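Here is coords.cif, consisting of mmCIF, C-alpha atoms:
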data_target
#
loop_
_atom_site.label_atom_id
_atom_site.label_comp_id
_atom_site.auth_asym_id
_atom_site.auth_seq_id
_atom_site.Cartn_x
_atom_site.Cartn_y
_atom_site.Cartn_z
CA GLY L 1 30.39 100.49 144.29
CA GLU L 2 33.13 101.96 146.40
CA ASN L 3 36.62 100.43 146.51
CA VAL L 4 39.08 101.47 149.21
CA GLU L 5 42.75 100.57 149.04
CA GLN L 6 45.05 101.02 152.02
CA HIS L 7 48.86 101.10 152.20
CA PRO L 8 51.11 99.94 153.64
CA SER L 9 49.82 96.69 155.10
CA THR L 10 52.53 96.77 157.78
CA LEU L 11 54.51 99.68 159.15
CA SER L 12 57.23 99.76 161.79
CA VAL L 13 58.52 103.02 163.24
CA GLN L 14 60.78 103.99 166.09
CA GLU L 15 59.14 105.51 169.14
CA GLY L 16 58.93 109.24 168.69
CA ASP L 17 58.91 109.10 164.90
CA SER L 18 55.90 109.86 162.72
CA ALA L 19 53.73 107.31 160.94
CA VAL L 20 51.66 107.86 157.81
CA ILE L 21 49.00 105.53 156.43
CA LYS L 22 47.40 106.21 153.06
CA CYS L 23 44.09 105.24 151.52
CA THR L 24 42.58 105.78 148.10
CA TYR L 25 38.93 105.52 147.17
CA SER L 26 37.15 105.12 143.87
CA ASP L 27 33.73 106.75 144.25
CA SER L 28 33.87 110.52 143.84
CA ALA L 29 30.55 110.76 145.70
CA SER L 30 32.16 109.57 148.93
CA ASN L 31 32.31 112.37 151.49
CA TYR L 32 32.83 110.78 154.89
CA PHE L 33 36.12 109.16 155.85
CA PRO L 34 36.60 107.65 159.32
CA TRP L 35 39.64 105.90 160.74
CA TYR L 36 39.36 103.04 163.21
CA LYS L 37 42.04 101.62 165.51
CA GLN L 38 41.99 97.99 166.61
CA GLU L 39 44.40 96.93 169.32
CA LEU L 40 45.31 93.27 169.58
CA GLY L 41 42.34 91.27 170.83
CA LYS L 42 40.15 94.34 171.13
CA ARG L 43 37.32 95.92 169.18
CA PRO L 44 37.79 98.53 166.43
CA GLN L 45 37.26 102.06 167.75
CA LEU L 46 36.84 105.32 165.89
CA ILE L 47 39.83 107.61 166.41
CA ILE L 48 39.19 110.41 163.94
CA ASP L 49 37.04 111.18 160.93
CA ILE L 50 36.89 113.81 158.22
CA ARG L 51 34.20 115.06 155.88
CA SER L 52 34.80 116.32 152.40
CA ASN L 53 34.13 119.95 153.23
CA VAL L 54 37.51 120.16 155.01
CA GLY L 55 41.01 119.24 153.90
CA GLU L 56 42.58 118.49 157.26
CA LYS L 57 41.57 117.70 160.80
CA LYS L 58 43.74 117.32 163.89
CA ASP L 59 43.26 115.80 167.30
CA GLN L 60 46.38 116.02 169.45
CA ARG L 61 48.96 113.69 167.85
CA ILE L 62 46.60 112.43 165.17
CA ALA L 63 45.70 114.19 161.95
CA VAL L 64 43.87 113.24 158.79
CA THR L 65 44.24 114.91 155.41
CA LEU L 66 41.94 114.61 152.43
CA ASN L 67 42.63 115.28 148.76
CA LYS L 68 39.30 115.07 146.95
CA THR L 69 40.79 115.67 143.54
CA ALA L 70 43.17 112.76 143.84
CA LYS L 71 40.67 110.74 145.88
CA HIS L 72 43.02 109.89 148.67
CA PHE L 73 43.19 110.51 152.40
CA SER L 74 45.89 109.85 154.95
CA LEU L 75 46.31 109.32 158.67
CA HIS L 76 49.29 110.98 160.32
CA ILE L 77 50.47 110.06 163.81
CA THR L 78 53.23 112.18 165.29
CA GLU L 79 55.50 111.41 168.25
CA THR L 80 54.47 107.78 168.15
CA GLN L 81 54.27 105.81 171.38
CA PRO L 82 54.18 102.03 172.02
CA GLU L 83 50.45 102.25 172.76
CA ASP L 84 49.90 103.41 169.18
CA SER L 85 50.76 99.87 168.05
CA ALA L 86 47.57 98.47 166.53
CA VAL L 87 45.80 97.78 163.25
CA TYR L 88 44.38 100.91 161.65
CA PHE L 89 41.48 100.80 159.18
CA CYS L 90 40.35 103.55 156.88
CA ALA L 91 36.84 103.67 155.45
CA ALA L 92 34.74 105.73 153.06
CA THR L 93 31.10 106.31 152.27
CA ASP L 94 28.67 108.70 150.68
CA SER L 95 26.92 110.09 153.74
CA GLY L 96 23.97 111.28 151.71
CA SER L 97 23.02 107.79 150.69
CA ALA L 98 22.14 104.66 152.61
CA ARG L 99 25.40 103.11 151.49
CA GLN L 100 27.46 101.56 154.22
CA LEU L 101 31.10 102.13 155.00
CA THR L 102 33.64 100.42 152.78
CA PHE L 103 36.75 99.55 154.76
CA GLY L 104 40.36 99.29 153.70
CA SER L 105 42.32 96.13 154.42
CA GLY L 106 44.11 97.55 157.44
CA THR L 107 47.65 98.57 158.42
CA GLN L 108 49.50 96.85 161.24
CA LEU L 109 51.49 99.62 162.92
CA THR L 110 54.29 98.61 165.28
CA VAL L 111 56.05 101.25 167.34
CA LEU L 112 59.46 100.03 168.41
CA PRO L 113 60.76 101.23 171.78
CA GLU W 114 33.16 100.48 177.42
CA THR W 115 31.31 100.97 174.16
CA GLY W 116 28.12 99.32 175.29
CA VAL W 117 28.09 96.58 172.65
CA THR W 118 28.44 93.10 174.09
CA GLN W 119 28.95 89.90 172.16
CA THR W 120 28.73 86.31 173.33
CA PRO W 121 30.39 83.93 173.19
CA ARG W 122 33.90 85.35 172.81
CA HIS W 123 35.20 82.12 171.36
CA LEU W 124 33.39 79.30 169.57
CA VAL W 125 34.61 76.07 168.03
CA MET W 126 32.06 74.15 166.03
CA GLY W 127 31.91 71.24 163.66
CA MET W 128 30.58 71.57 160.16
CA THR W 129 27.33 69.86 161.05
CA ASN W 130 26.62 71.88 164.19
CA LYS W 131 24.10 74.65 164.71
CA LYS W 132 25.11 77.55 166.90
CA SER W 133 24.14 81.17 167.44
CA LEU W 134 26.10 84.34 168.10
CA LYS W 135 24.51 87.00 170.25
CA CYS W 136 24.95 90.76 170.29
CA GLU W 137 23.41 93.29 172.64
CA GLN W 138 23.73 97.07 172.62
CA HIS W 139 22.85 99.47 175.43
CA LEU W 140 23.41 102.69 173.50
CA GLY W 141 19.91 103.35 172.28
CA HIS W 142 21.02 102.97 168.68
CA ASN W 143 18.65 102.18 165.85
CA ALA W 144 20.99 100.24 163.57
CA MET W 145 22.92 97.04 164.13
CA TYR W 146 25.41 95.21 161.93
CA TRP W 147 27.27 91.95 161.49
CA TYR W 148 30.80 92.08 160.06
CA LYS W 149 33.22 89.30 159.22
CA GLN W 150 36.91 89.95 159.86
CA SER W 151 39.39 87.56 158.25
CA ALA W 152 43.15 87.88 158.43
CA LYS W 153 44.59 90.55 156.14
CA LYS W 154 41.22 91.33 154.56
CA PRO W 155 38.97 94.36 154.86
CA LEU W 156 36.09 94.19 157.26
CA GLU W 157 33.26 92.56 155.31
CA LEU W 158 29.77 93.82 155.99
CA MET W 159 27.31 90.92 156.19
CA PHE W 160 23.98 92.32 157.38
CA VAL W 161 22.45 95.64 158.39
CA TYR W 162 19.34 96.05 160.49
CA SER W 163 17.53 99.32 161.06
CA LEU W 164 14.77 99.36 163.65
CA GLU W 165 14.60 95.57 163.48
CA GLU W 166 14.22 95.49 159.71
CA ARG W 167 16.95 94.09 157.52
CA VAL W 168 18.09 96.83 155.16
CA GLU W 169 21.11 95.17 153.62
CA ASN W 170 22.28 91.66 152.93
CA ASN W 171 25.59 91.48 151.13
CA SER W 172 25.17 88.18 149.28
CA VAL W 173 25.93 86.20 152.39
CA PRO W 174 25.50 82.41 152.12
CA SER W 175 22.28 81.07 153.58
CA ARG W 176 24.21 79.10 156.19
CA PHE W 177 24.36 82.47 158.00
CA SER W 178 20.94 83.57 159.21
CA PRO W 179 20.50 86.83 161.12
CA GLU W 180 17.71 87.66 163.53
CA CYS W 181 16.87 90.99 165.12
CA PRO W 182 14.02 90.58 167.62
CA ASN W 183 14.30 94.19 168.86
CA SER W 184 16.54 97.18 168.38
CA SER W 185 18.86 96.11 171.21
CA HIS W 186 19.53 92.52 170.23
CA LEU W 187 20.98 90.87 167.18
CA PHE W 188 21.70 87.21 166.55
CA LEU W 189 23.61 85.34 163.89
CA HIS W 190 22.47 81.74 163.50
CA LEU W 191 25.06 79.39 162.07
CA HIS W 192 24.35 76.10 160.32
CA THR W 193 26.54 73.69 158.32
CA LEU W 194 29.47 76.09 158.14
CA GLN W 195 32.66 75.52 156.20
CA PRO W 196 36.25 75.82 157.46
CA GLU W 197 36.66 79.02 155.41
CA ASP W 198 33.98 80.59 157.59
CA SER W 199 36.46 80.64 160.47
CA ALA W 200 36.97 84.29 161.34
CA LEU W 201 36.27 86.99 163.88
CA TYR W 202 32.62 88.03 163.72
CA LEU W 203 32.02 91.56 164.86
CA CYS W 204 28.73 93.13 165.80
CA ALA W 205 28.34 96.90 165.67
CA SER W 206 25.67 99.50 166.27
CA SER W 207 25.17 103.10 165.24
CA GLN W 208 22.60 105.82 165.66
CA ASP W 209 21.14 105.15 162.23
CA TYR W 210 21.94 102.86 159.33
CA ARG W 211 23.52 105.46 157.08
CA GLY W 212 27.27 105.01 157.03
CA ASN W 213 28.12 108.53 158.20
CA THR W 214 27.61 107.95 161.91
CA GLU W 215 30.12 106.35 164.24
CA ALA W 216 29.93 102.59 164.49
CA PHE W 217 30.48 101.10 167.94
CA PHE W 218 31.86 97.59 167.78
CA GLY W 219 31.61 94.66 170.12
CA GLN W 220 34.71 92.66 170.97
CA GLY W 221 33.78 89.95 168.53
CA THR W 222 33.33 86.21 168.51
CA ARG W 223 36.33 84.22 167.35
CA LEU W 224 34.79 81.37 165.37
CA THR W 225 36.69 78.24 164.39
CA VAL W 226 35.00 75.69 162.16
CA VAL W 227 36.57 72.23 162.31
#
For this file, write the structure as structure tokens.
Amino acid sequence: GENVEQHPSTLSVQEGDSAVIKCTYSDSASNYFPWYKQELGKRPQLIIDIRSNVGEKKDQRIAVTLNKTAKHFSLHITETQPEDSAVYFCAATDSGSARQLTFGSGTQLTVLP
Amino acid sequence: ETGVTQTPRHLVMGMTNKKSLKCEQHLGHNAMYWYKQSAKKPLELMFVYSLEERVENNSVPSRFSPECPNSSHLFLHLHTLQPEDSALYLCASSQDYRGNTEAFFGQGTRLTVV
């Protein structure tokens, strides 16, 4: 089955700086990679996703990159703001199968004012 | 709001109690899920239902018993739990049960077993 590893487990950045969270996956058949954000006491919510037919996707201050050869993908947040503080989860799956998402262990991001 | 509602938000129960968690979705989705979220661990998928049929059961102990009476409601019946079962239990729904569609989560039930 799929195994997803996520690093770092905690990350602190100064407001305005960039933050990068990295995930690796084991199953070369995986082709769908979403990222979820979970603020303290709230539900996880999808913030961006990428499929294996593209190498990068951007949405305002958030971007995700995918390296299929190395089997890793990363979340990039630029110009961080205090409201970006949350736990971020990566996940992976083979969208052509009935296999469910495998999640990483999460990264606690703290943006310091 | 995402349209997935869970009750109760918090639950404290003894090891000999029986309780149930409830989840309701108003999104017209066909798939519903139970996840367990423990501190510093990945989200653990427990059960998947598609159109009221269970399609996945990830070796969850029998003290957890799911029920899906219709495509909008999902229950998790709890019986003789252990302290290590204390966690946040999240319900989610998606358009279908394949993992490539967005999952909408409820706010979770914080369960404490004493």
Identify which of the residues W:Ala216, W:Lys131, W:Glu157, W:Glu180 lies closest to L:Tyr36, counting all atoms listed in the file when measuring atom-to-atom distances. W:Ala216
Here's the selection I'm unsure about, the PyMOL selection byres ((chain W) within 8 of (chain L)); applied to the file above, which residues does it give, as a VMD selection string? chain W and resid 153 to 157 210 to 213 215 to 221
For those residues, write C-alpha atoms to a file as a compact mmCIF listing (two decimals), in the coordinates of the input.
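Okay, out-v2.txt is ready:
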# COMPACT_ATOMS: atom_id res chain seq x y z
CA LYS W 153 44.59 90.55 156.14
CA LYS W 154 41.22 91.33 154.56
CA PRO W 155 38.97 94.36 154.86
CA LEU W 156 36.09 94.19 157.26
CA GLU W 157 33.26 92.56 155.31
CA TYR W 210 21.94 102.86 159.33
CA ARG W 211 23.52 105.46 157.08
CA GLY W 212 27.27 105.01 157.03
CA ASN W 213 28.12 108.53 158.20
CA GLU W 215 30.12 106.35 164.24
CA ALA W 216 29.93 102.59 164.49
CA PHE W 217 30.48 101.10 167.94
CA PHE W 218 31.86 97.59 167.78
CA GLY W 219 31.61 94.66 170.12
CA GLN W 220 34.71 92.66 170.97
CA GLY W 221 33.78 89.95 168.53
How many Å separate atom CA of L:Ala86 from atom CA of W:Val173?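 Computed distance, atom CA of L:Ala86 to atom CA of W:Val173, equals 28.6 Å.
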If I take atom CA of W:Ser163 and atom CA of W:Ser175, how far is one from the other in Å, to one decimal? 20.3 Å
Please write as a PyMOL selection string the list of polymer residues whose atoms come within 12 Å of (44.1, 111.7, 153.8), counting only C-alpha atoms and keeping to the coordinates of the file. chain L and resi 6-7+20-25+32-35+48-52+54-58+62-77+90-92
Go ahead and save the picked residues with C-alpha atoms, as an mmCIF file, in the coordinates of the input.
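Final output, saved to again.cif:
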data_model
loop_
_atom_site.group_PDB
_atom_site.id
_atom_site.type_symbol
_atom_site.label_atom_id
_atom_site.label_comp_id
_atom_site.auth_asym_id
_atom_site.auth_seq_id
_atom_site.Cartn_x
_atom_site.Cartn_y
_atom_site.Cartn_z
ATOM 1 C CA GLN L 6 45.050 101.020 152.020
ATOM 2 C CA HIS L 7 48.860 101.100 152.200
ATOM 3 C CA VAL L 20 51.660 107.860 157.810
ATOM 4 C CA ILE L 21 49.000 105.530 156.430
ATOM 5 C CA LYS L 22 47.400 106.210 153.060
ATOM 6 C CA CYS L 23 44.090 105.240 151.520
ATOM 7 C CA THR L 24 42.580 105.780 148.100
ATOM 8 C CA TYR L 25 38.930 105.520 147.170
ATOM 9 C CA TYR L 32 32.830 110.780 154.890
ATOM 10 C CA PHE L 33 36.120 109.160 155.850
ATOM 11 C CA PRO L 34 36.600 107.650 159.320
ATOM 12 C CA TRP L 35 39.640 105.900 160.740
ATOM 13 C CA ILE L 48 39.190 110.410 163.940
ATOM 14 C CA ASP L 49 37.040 111.180 160.930
ATOM 15 C CA ILE L 50 36.890 113.810 158.220
ATOM 16 C CA ARG L 51 34.200 115.060 155.880
ATOM 17 C CA SER L 52 34.800 116.320 152.400
ATOM 18 C CA VAL L 54 37.510 120.160 155.010
ATOM 19 C CA GLY L 55 41.010 119.240 153.900
ATOM 20 C CA GLU L 56 42.580 118.490 157.260
ATOM 21 C CA LYS L 57 41.570 117.700 160.800
ATOM 22 C CA LYS L 58 43.740 117.320 163.890
ATOM 23 C CA ILE L 62 46.600 112.430 165.170
ATOM 24 C CA ALA L 63 45.700 114.190 161.950
ATOM 25 C CA VAL L 64 43.870 113.240 158.790
ATOM 26 C CA THR L 65 44.240 114.910 155.410
ATOM 27 C CA LEU L 66 41.940 114.610 152.430
ATOM 28 C CA ASN L 67 42.630 115.280 148.760
ATOM 29 C CA LYS L 68 39.300 115.070 146.950
ATOM 30 C CA THR L 69 40.790 115.670 143.540
ATOM 31 C CA ALA L 70 43.170 112.760 143.840
ATOM 32 C CA LYS L 71 40.670 110.740 145.880
ATOM 33 C CA HIS L 72 43.020 109.890 148.670
ATOM 34 C CA PHE L 73 43.190 110.510 152.400
ATOM 35 C CA SER L 74 45.890 109.850 154.950
ATOM 36 C CA LEU L 75 46.310 109.320 158.670
ATOM 37 C CA HIS L 76 49.290 110.980 160.320
ATOM 38 C CA ILE L 77 50.470 110.060 163.810
ATOM 39 C CA CYS L 90 40.350 103.550 156.880
ATOM 40 C CA ALA L 91 36.840 103.670 155.450
ATOM 41 C CA ALA L 92 34.740 105.730 153.060
#
Would you compute the distance between atom CA of W:Glu166 and atom CA of W:Ala205? Give it in Å to one decimal.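 Computed distance, atom CA of W:Glu166 to atom CA of W:Ala205, equals 15.4 Å.
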Using the chain letters and numbers from the file, which residues does the PyMOL selection byres ((chain L and resi 82) around 7) grab, as a PDB file with C-alpha atoms, keeping the file's coordinate frame?
ATOM      1  CA  GLU L  15      59.140 105.510 169.140  1.00  0.00           C
ATOM      2  CA  THR L  80      54.470 107.780 168.150  1.00  0.00           C
ATOM      3  CA  GLN L  81      54.270 105.810 171.380  1.00  0.00           C
ATOM      4  CA  GLU L  83      50.450 102.250 172.760  1.00  0.00           C
ATOM      5  CA  ASP L  84      49.900 103.410 169.180  1.00  0.00           C
ATOM      6  CA  SER L  85      50.760  99.870 168.050  1.00  0.00           C
ATOM      7  CA  VAL L 111      56.050 101.250 167.340  1.00  0.00           C
ATOM      8  CA  LEU L 112      59.460 100.030 168.410  1.00  0.00           C
ATOM      9  CA  PRO L 113      60.760 101.230 171.780  1.00  0.00           C
TER      10      PRO L 113
END
Quick one: residues within 10 Å of stretch 117-127 of chain W, only C-alpha atoms counted, chain neighbours fewer than 2 positions away excluded, as a PyMOL selection string? (chain L and resi 43) or (chain W and resi 114-115+129-140+145+185-188+191-196+199+201-206+217-227)
Return as a list of chain:residue names the set of residues that the PyMOL selection byres ((chain W and resi 164) around 7) yields on the displayed structure.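 That expression, the PyMOL selection byres ((chain W and resi 164) around 7), corresponds here to W:Asn143, W:Ala144, W:Tyr162, W:Ser163, W:Glu165, W:Glu166, W:Ser184.
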Go through W:Asn183, W:Lys149, W:Glu169, W:Pro174 and flag the residue nearest W:Ala200, using all atoms listed in the file for the distances.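 Ranking W:Asn183, W:Lys149, W:Glu169, W:Pro174 by distance to W:Ala200, first place goes to W:Lys149.
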